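**Q** Below you will find the structure I want to go over with you.
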Number of protein chains: 2
Amino acid sequence: MSPERFAALWRSLLPIGRLADGCGYLRRSWTPTDLGCREWFVEEALDRDLDVETDRNGNLWAWLGDPAAGNAVVTGSHLDSVPNGGAYDGPLGVVSALLAVDLLRERVARLHRPLGIVVFTEEEGSRFGLACLGSRLLTGAVDPERARQLTDDRGGTLADAMTKAGLDPAGIGPDPGLLGRIGAFVELHVEQGRALADVDAPVGVASAIWPHGRWRMDFTGEANHAGTTRMADRHDPMLTFSFATLAANKAARSQGAHATVGRVSVTPNATNAIPSRVSAWLDARAPDAPTLAALVDSVRANVTERAGRDGTGFTLTAESQSSTVDFHSGLRDRIAARLGGAPVLPTGAGHDAGVLAAHVPTAMLFVRNPTGISHAPAEHATDADCAAGVRALADVLEDLACR
Amino acid sequence: MSPERFAALWRSLLPIGRLADGCGYLRRSWTPTDLGCREWFVEEALDRDLDVETDRNGNLWAWLGDPAAGNAVVTGSHLDSVPNGGAYDGPLGVVSALLAVDLLRERVARLHRPLGIVVFTEEEGSRFGLACLGSRLLTGAVDPERARQLTDDRGGTLADAMTKAGLDPAGIGPDPGLLGRIGAFVELHVEQGRALADVDAPVGVASAIWPHGRWRMDFTGEANHAGTTRMADRHDPMLTFSFATLAANKAARSQGAHATVGRVSVTPNATNAIPSRVSAWLDARAPDAPTLAALVDSVRANVTERAGRDGTGFTLTAESQSSTVDFHSGLRDRIAARLGGAPVLPTGAGHDAGVLAAHVPTAMLFVRNPTGISHAPAEHATDADCAAGVRALADVLEDLACR
């Protein structure tokens, strides 16, 4: 697999959903752009004589061999993006899957197991707000009735969007028959940090997904006039909020974890008014659950103490929490060995592979991202590294499907 | 003037524009609510046999004696409110003016100077965004063409709103004839802090309005994934912003000034995204111009240094600045003496009196606000203090109009 061969297929997908220069991509599920991406995939799969099907949850599957035989080896990723996202997050796994099938066919006459490529729907959750929606529905990790009623920013439901695309939303939900055919799942993904760049390796293997949570932070104070209220008489929740942002950052740095405050809402949000209320969200992730708990506890304790000094109110409420996902250790070690000792590294991001891991032996490959930037236009991987990724994926699939 | 007599007139205005319990008032200029407040004023003025007129800029005037004689003594304030404002800011000056006229008539047979009561339009700037609009138009401090095109949050212009209320917007602008008739202006206002409460005085006299400015602070960073970006690789503008909020607060405390960050806007403002940009506004005021400059310089220097450490960009841009307003010292001293040594204190808030002060001898009286809260429902003054305010205002007007 040469960089040029990778680039030829890669570039055929790039125009779909591309925004103006420097603005990245907008590929939200079930939009005309998404349907264009799906059409592209179906054509590429049919060109390869793969059997294409759409499951009841809107995920696309392309099969080499008969999946009814079971114990299938499946690879793939997703084609939807966050708003102003990069080109690689998701699509790299799908393009690499198609090219790995090409390589496999050149290398071996016959596979011992069926091989599938999957394109999961709404992995980013950027239209209906629930990440990994397609894989969660497949595995029963989300209630179908709840999913049907999820709304986008115009108030349209998932049920409406699926109906418009020709699917019956009454059919969504767990699909144990399809899930039971999968013997192993391998997702290739662009790295979302710079760990591979630091160790100068083009491809790595995932060990685990860090435990992760979102906490809502509410800061209450006393609305007052910015011009006339003496500093000593203030109860300004913006101060407590600002302290919390810095405290969370400091705690994450000292504990080897990640903490981010990226969303804030201020009332009344006027230049000449001390706010009455600030709400913000803490996104925190850590290598293990005790570290994550210690991080959040330290934020709670330090900010509560500061709120006492500011004369403000502070509450910290868990909104969502997900546990550590440990990828299949046997599969991981076998892949790392097969790839000649590729680096094994954890990730802080959720993936469809993380959802599948609770049901089937699952692994992930990462391709080096020299910028380390993710979910933004600067997300990148070189054609040479992507070609190395395809070769690694083909190696892994060959090892699994030909034994 | 007994507290009961004050309360009787005061309560007749309270129902207009009052929101649900605990939510204060919404009286935006040229709305039906504002027209209701104007109607209330006109009726009260006519009940007192005052001559009522609306000037070309929509300000209401009620005259005792012939203003054409010139050298008139004028008092008054405004009836509009900020959203969820208190009952006293503005209306207390108008109600007190009406009652002071009643007292004066009981005390003296004849005034030597005409006496006027004014209700200025859009003092708060809460509909069209420009504070003291009525007094600025009268004195020529704002371009009429610019004023006509000011828009409210629904996109309607001042010109439209005035036309709908039966006024000709073509006529707005400086009115030197009217302005030239004013020999002195005295505005009574609820105090917007707790200085009078601290010295246990019901009424005080203004020395000056602090110099004041608004600065836009722009923080730029690098959008990235909250889960996967290592802390060391981040360029997070939320951190620099948070530092700036705390730095401004600290600088204001140490320099005896006021600094507030009450408004912020984050891009993309998503829980799982390190922001690419944060914009915020610094409202700063100080007893004198050098202190204000030193405050802003220290914020600029400290935040620039922090931005260097955060790997973020920071710019501080002046959006508006107003100089110290020193009220007329002769008038101020005479009033303070007449009131038996009432406390003389500066204010951090802008007022129509601050606009008038550049053109005519101007003074302000403040009535004690035990909560110290302003621009919020908890703003308060007791009926007894308000009655004392009316008596003080009558004393001042008598001194000016009867000599």
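Convention: chains lettered A, B, ... in structure tokens order; per-chain residue numbering from 1; ligands numbered from 1 as shown.
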Write down, as a list in words, each residue of chain B that has any atom within 6 Å of an atom of chain A, counting only C-alpha atoms.
**A** Gln192, Gly193, Asn224, His225, Ala226, Gly227, Thr228, Thr229, Ser242, Thr260, Gly262, Arg263, Asn269, Ala270, Thr271, Ala273, Ile274, Pro275, Trp281, Gly348, Ala349, Ile373, Ser374 and His375 of chain B
**Q** Residues as selected, N, CA, C and O atoms, written as a CSV table (one decimal), in the first residue's frame, can you do that?
**A**
```
chain,number,residue,atom,x,y,z
B,192,GLN,N,-26.8,53.6,45.2
B,192,GLN,CA,-26.6,52.3,44.5
B,192,GLN,C,-25.5,51.5,45.2
B,192,GLN,O,-25.0,50.6,44.7
B,193,GLY,N,-25.1,51.9,46.4
B,193,GLY,CA,-24.2,51.2,47.3
B,193,GLY,C,-24.6,51.4,48.7
B,193,GLY,O,-25.8,51.8,49.0
B,224,ASN,N,-9.6,22.1,20.5
B,224,ASN,CA,-9.1,20.8,20.5
B,224,ASN,C,-10.0,19.9,21.4
B,224,ASN,O,-10.9,20.4,22.0
B,225,HIS,N,-9.8,18.6,21.3
B,225,HIS,CA,-10.6,17.6,22.0
B,225,HIS,C,-10.3,17.6,23.5
B,225,HIS,O,-9.2,17.4,23.9
B,226,ALA,N,-11.3,17.7,24.3
B,226,ALA,CA,-11.2,17.8,25.7
B,226,ALA,C,-10.7,16.5,26.3
B,226,ALA,O,-10.1,16.4,27.4
B,227,GLY,N,-11.0,15.4,25.6
B,227,GLY,CA,-10.6,14.1,26.2
B,227,GLY,C,-9.2,13.6,25.8
B,227,GLY,O,-8.6,12.9,26.6
B,228,THR,N,-8.7,14.0,24.7
B,228,THR,CA,-7.5,13.4,24.2
B,228,THR,C,-6.3,14.3,24.2
B,228,THR,O,-5.2,13.9,24.0
B,229,THR,N,-6.5,15.6,24.4
B,229,THR,CA,-5.4,16.6,24.3
B,229,THR,C,-4.7,16.6,25.7
B,229,THR,O,-5.3,17.0,26.7
B,242,SER,N,-10.0,33.2,32.8
B,242,SER,CA,-10.3,33.0,34.2
B,242,SER,C,-9.3,33.8,35.0
B,242,SER,O,-9.6,34.4,36.0
B,260,THR,N,-15.3,44.7,37.1
B,260,THR,CA,-16.3,43.7,37.0
B,260,THR,C,-16.1,43.0,35.6
B,260,THR,O,-16.0,43.7,34.6
B,262,GLY,N,-18.6,40.8,33.8
B,262,GLY,CA,-20.0,40.3,33.9
B,262,GLY,C,-20.5,39.6,32.6
B,262,GLY,O,-21.6,39.1,32.6
B,263,ARG,N,-19.8,39.7,31.6
B,263,ARG,CA,-20.3,39.3,30.3
B,263,ARG,C,-19.2,38.5,29.6
B,263,ARG,O,-18.0,39.0,29.4
B,269,ASN,N,-18.1,26.8,22.8
B,269,ASN,CA,-18.9,26.6,24.0
B,269,ASN,C,-19.5,25.2,24.1
B,269,ASN,O,-20.7,25.1,24.3
B,270,ALA,N,-18.7,24.2,24.0
B,270,ALA,CA,-19.1,22.8,24.1
B,270,ALA,C,-18.4,22.2,25.2
B,270,ALA,O,-17.2,22.4,25.5
B,271,THR,N,-19.1,21.3,25.9
B,271,THR,CA,-18.6,20.6,27.1
B,271,THR,C,-17.3,19.9,26.8
B,271,THR,O,-16.4,19.9,27.6
B,273,ALA,N,-15.1,20.4,24.3
B,273,ALA,CA,-14.1,21.0,23.4
B,273,ALA,C,-13.3,22.1,24.2
B,273,ALA,O,-13.9,23.0,24.8
B,274,ILE,N,-12.0,22.1,24.1
B,274,ILE,CA,-11.2,23.2,24.5
B,274,ILE,C,-11.6,24.4,23.6
B,274,ILE,O,-11.6,24.2,22.4
B,275,PRO,N,-11.9,25.5,24.1
B,275,PRO,CA,-12.4,26.6,23.3
B,275,PRO,C,-11.3,27.2,22.4
B,275,PRO,O,-10.1,27.1,22.7
B,281,TRP,N,-15.9,41.2,28.7
B,281,TRP,CA,-15.8,42.6,28.8
B,281,TRP,C,-15.5,43.0,30.2
B,281,TRP,O,-16.0,42.5,31.2
B,348,GLY,N,-20.2,55.6,41.3
B,348,GLY,CA,-19.6,54.9,40.2
B,348,GLY,C,-20.6,54.8,39.0
B,348,GLY,O,-20.2,54.3,37.9
B,349,ALA,N,-21.8,55.3,39.1
B,349,ALA,CA,-22.8,55.1,38.1
B,349,ALA,C,-23.0,56.3,37.2
B,349,ALA,O,-22.8,57.5,37.7
B,373,ILE,N,-28.1,47.2,47.1
B,373,ILE,CA,-28.2,46.5,45.8
B,373,ILE,C,-28.9,47.5,44.8
B,373,ILE,O,-29.8,48.2,45.2
B,374,SER,N,-28.4,47.4,43.6
B,374,SER,CA,-28.9,48.3,42.5
B,374,SER,C,-29.2,47.4,41.3
B,374,SER,O,-28.5,46.4,41.1
B,375,HIS,N,-30.1,47.9,40.5
B,375,HIS,CA,-30.4,47.2,39.2
B,375,HIS,C,-30.9,45.8,39.5
B,375,HIS,O,-30.6,44.9,38.6
```
**Q** Fewer than 3 positions away in the same chain doesn't count, so skip those; otherwise give me all residues within 6 Å of Val74 (chain B), counting only C-alpha atoms, as a short mmCIF file (atom, residue, chain, number, x, y, z; two decimals) with N, CA and C atoms, in the first residue's frame.
**A**
```
data_model
loop_
_atom_site.label_atom_id
_atom_site.label_comp_id
_atom_site.auth_asym_id
_atom_site.auth_seq_id
_atom_site.Cartn_x
_atom_site.Cartn_y
_atom_site.Cartn_z
N LEU B 115 -39.81 76.64 38.03
CA LEU B 115 -39.41 75.33 38.55
C LEU B 115 -39.90 74.26 37.58
N GLY B 116 -39.02 73.37 37.20
CA GLY B 116 -39.41 72.32 36.25
C GLY B 116 -39.15 70.93 36.81
N ILE B 117 -39.98 69.99 36.38
CA ILE B 117 -39.73 68.57 36.67
C ILE B 117 -39.53 67.88 35.33
N PHE B 185 -29.76 72.14 37.74
CA PHE B 185 -30.44 70.84 37.70
C PHE B 185 -30.03 70.04 38.93
#
```
**Q** Any idea what's packed within 12 Å of Phe366 (chain A), counting only C-alpha atoms, ignoring anything in its chain fewer than 2 positions away? Could you give it as a PyMOL selection string?
**A** chain A and resi 88-90+92-93+96+186-197+201-207+336+342-347+363-364+368-369+381+385-386+388-390+392-393
**Q** Report, in Å with one decimal, the straight-line distance from CA of Gly341 (chain B) to CA of Arg391 (chain B).
**A**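 Distance reported for this atom pair: 14.8 Å.
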**Q** What separation in Å, quoted to one decimal, exists between CA of Arg136 (chain B) and CA of Gly180 (chain B)?
**A** 14.8 Å
**Q** Which residues, written as a PyMOL selection string, have at least one atom at most 8 Å from Leu356 (chain A), with only C-alpha atoms counted and residues fewer than 3 positions away on the same chain left out?
**A** chain A and resi 135+139+185+352-353+359-360+362
**Q** Can you spit out the residues from that selection as a PDB file, in the first residue's frame, using C-alpha atoms?
**A**
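Result saved to selection_2.pdb:
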```
ATOM      1  CA  SER A 135     -23.442   1.163  18.093  1.00  0.00           C
ATOM      2  CA  THR A 139     -25.879  -3.400  21.437  1.00  0.00           C
ATOM      3  CA  PHE A 185     -14.031  -5.864  16.030  1.00  0.00           C
ATOM      4  CA  ASP A 352     -17.912   2.776  18.849  1.00  0.00           C
ATOM      5  CA  ALA A 353     -15.151   0.295  19.688  1.00  0.00           C
ATOM      6  CA  HIS A 359     -19.884  -7.591  23.841  1.00  0.00           C
ATOM      7  CA  VAL A 360     -17.101  -8.853  21.560  1.00  0.00           C
ATOM      8  CA  THR A 362     -12.425  -5.485  20.421  1.00  0.00           C
TER       9      THR A 362
END
```
**Q** Can you measure CA of Gly58 (chain B) to CA of Ala131 (chain B) for me? One decimal in Å is fine.
**A** 14.6 Å
**Q** Name the closest residue to Leu150 (chain A) among the candidates A:Ala165, A:Val108, A:Ser126, A:Glu4; distances are taken between atoms, counting only C-alpha atoms.
**A**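 Nearest candidate to Leu150 (chain A) out of A:Ala165, A:Val108, A:Ser126, A:Glu4: A:Ser126.
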**Q** Which is closer to His328 (chain A) than all the others in A:Arg105, A:Ala184, A:Asp297, A:Thr220, using only C-alpha atoms?
**A**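 Of A:Arg105, A:Ala184, A:Asp297, A:Thr220, the one nearest His328 (chain A) is A:Ala184, counting only C-alpha atoms.
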**Q** What parts of region 251-385 of chain B does DSSP call strand (DSSP E)? I'd like the answer as a PyMOL selection string.
**A** chain B and resi 258-267+273-274+277-285+313-322+325-326+344-347+362-367
**Q** Restrict the selected residues to C-alpha atoms and save them as a CSV table (one decimal), in the first residue's frame.
**A**
```csv
chain,number,residue,atom,x,y,z
B,258,HIS,CA,-14.2,48.8,40.9
B,259,ALA,CA,-13.7,46.1,38.2
B,260,THR,CA,-16.3,43.7,37.0
B,261,VAL,CA,-16.3,40.9,34.3
B,262,GLY,CA,-20.0,40.3,33.9
B,263,ARG,CA,-20.3,39.3,30.3
B,264,VAL,CA,-18.5,36.4,28.4
B,265,SER,CA,-18.9,34.6,25.1
B,266,VAL,CA,-17.1,31.3,24.4
B,267,THR,CA,-16.5,29.6,21.0
B,273,ALA,CA,-14.1,21.0,23.4
B,274,ILE,CA,-11.2,23.2,24.5
B,277,ARG,CA,-11.9,31.8,21.6
B,278,VAL,CA,-13.2,33.6,24.6
B,279,SER,CA,-14.4,37.2,24.6
B,280,ALA,CA,-15.2,39.1,27.7
B,281,TRP,CA,-15.8,42.6,28.8
B,282,LEU,CA,-14.1,44.5,31.6
B,283,ASP,CA,-16.1,47.2,33.3
B,284,ALA,CA,-13.8,49.4,35.4
B,285,ARG,CA,-14.3,52.6,37.4
B,313,GLY,CA,-3.4,35.3,22.5
B,314,PHE,CA,-4.7,38.3,24.5
B,315,THR,CA,-5.9,41.7,23.4
B,316,LEU,CA,-7.5,44.5,25.4
B,317,THR,CA,-9.4,47.1,23.5
B,318,ALA,CA,-11.1,50.2,24.9
B,319,GLU,CA,-14.8,50.3,23.7
B,320,SER,CA,-16.0,53.3,25.7
B,321,GLN,CA,-14.5,55.7,28.2
B,322,SER,CA,-16.0,58.5,30.1
B,325,VAL,CA,-17.8,64.3,36.2
B,326,ASP,CA,-17.3,66.8,39.0
B,344,VAL,CA,-20.7,64.1,50.4
B,345,LEU,CA,-19.9,61.0,48.3
B,346,PRO,CA,-18.9,60.0,44.8
B,347,THR,CA,-20.7,57.5,42.7
B,362,THR,CA,-25.8,70.3,38.5
B,363,ALA,CA,-26.1,68.4,41.7
B,364,MET,CA,-27.3,65.1,42.9
B,365,LEU,CA,-28.9,63.9,46.1
B,366,PHE,CA,-28.8,60.2,47.2
B,367,VAL,CA,-31.3,58.4,49.5
```
**Q** Find the spatial neighbours of region 31-45 of chain B, counting only C-alpha atoms, within a cut-off of 7 Å - ignore same-chain residues fewer than 3 positions away - and output them as a ChimeraX atom specification.
**A** /B:16-17,27-28,48-50,52,62,79-80
**Q** Return as a ChimeraX atom specification the full set of residues in region 251-375 of chain A whose backbone-based DSSP assignment is helix (DSSP H, G or I).
**A** /A:251-255,289-310,329-338,352-356
**Q** If we count only C-alpha atoms and set the cut-off at 6 Å, which residues sit around region 119-125 of chain B, ignoring sequence neighbours fewer than 5 positions away in its own chain? Please answer as a PyMOL selection string.
**A** chain B and resi 29+59-60+76-78+130-134
**Q** Write the selection just made, keeping C-alpha atoms, as an mmCIF file, in the first residue's frame?
**A**
```cif
data_model
loop_
_atom_site.group_PDB
_atom_site.id
_atom_site.type_symbol
_atom_site.label_atom_id
_atom_site.label_comp_id
_atom_site.auth_asym_id
_atom_site.auth_seq_id
_atom_site.Cartn_x
_atom_site.Cartn_y
_atom_site.Cartn_z
ATOM 1 C CA SER B 29 -38.662 53.083 26.787
ATOM 2 C CA ASN B 59 -38.350 63.900 27.439
ATOM 3 C CA LEU B 60 -41.332 65.036 29.542
ATOM 4 C CA GLY B 76 -36.325 64.994 38.016
ATOM 5 C CA SER B 77 -34.902 61.682 36.851
ATOM 6 C CA HIS B 78 -36.231 58.846 34.682
ATOM 7 C CA LEU B 130 -27.215 53.839 24.770
ATOM 8 C CA ALA B 131 -27.545 55.071 28.348
ATOM 9 C CA CYS B 132 -28.829 58.609 29.058
ATOM 10 C CA LEU B 133 -30.187 58.826 25.523
ATOM 11 C CA GLY B 134 -32.768 61.538 26.269
#
```
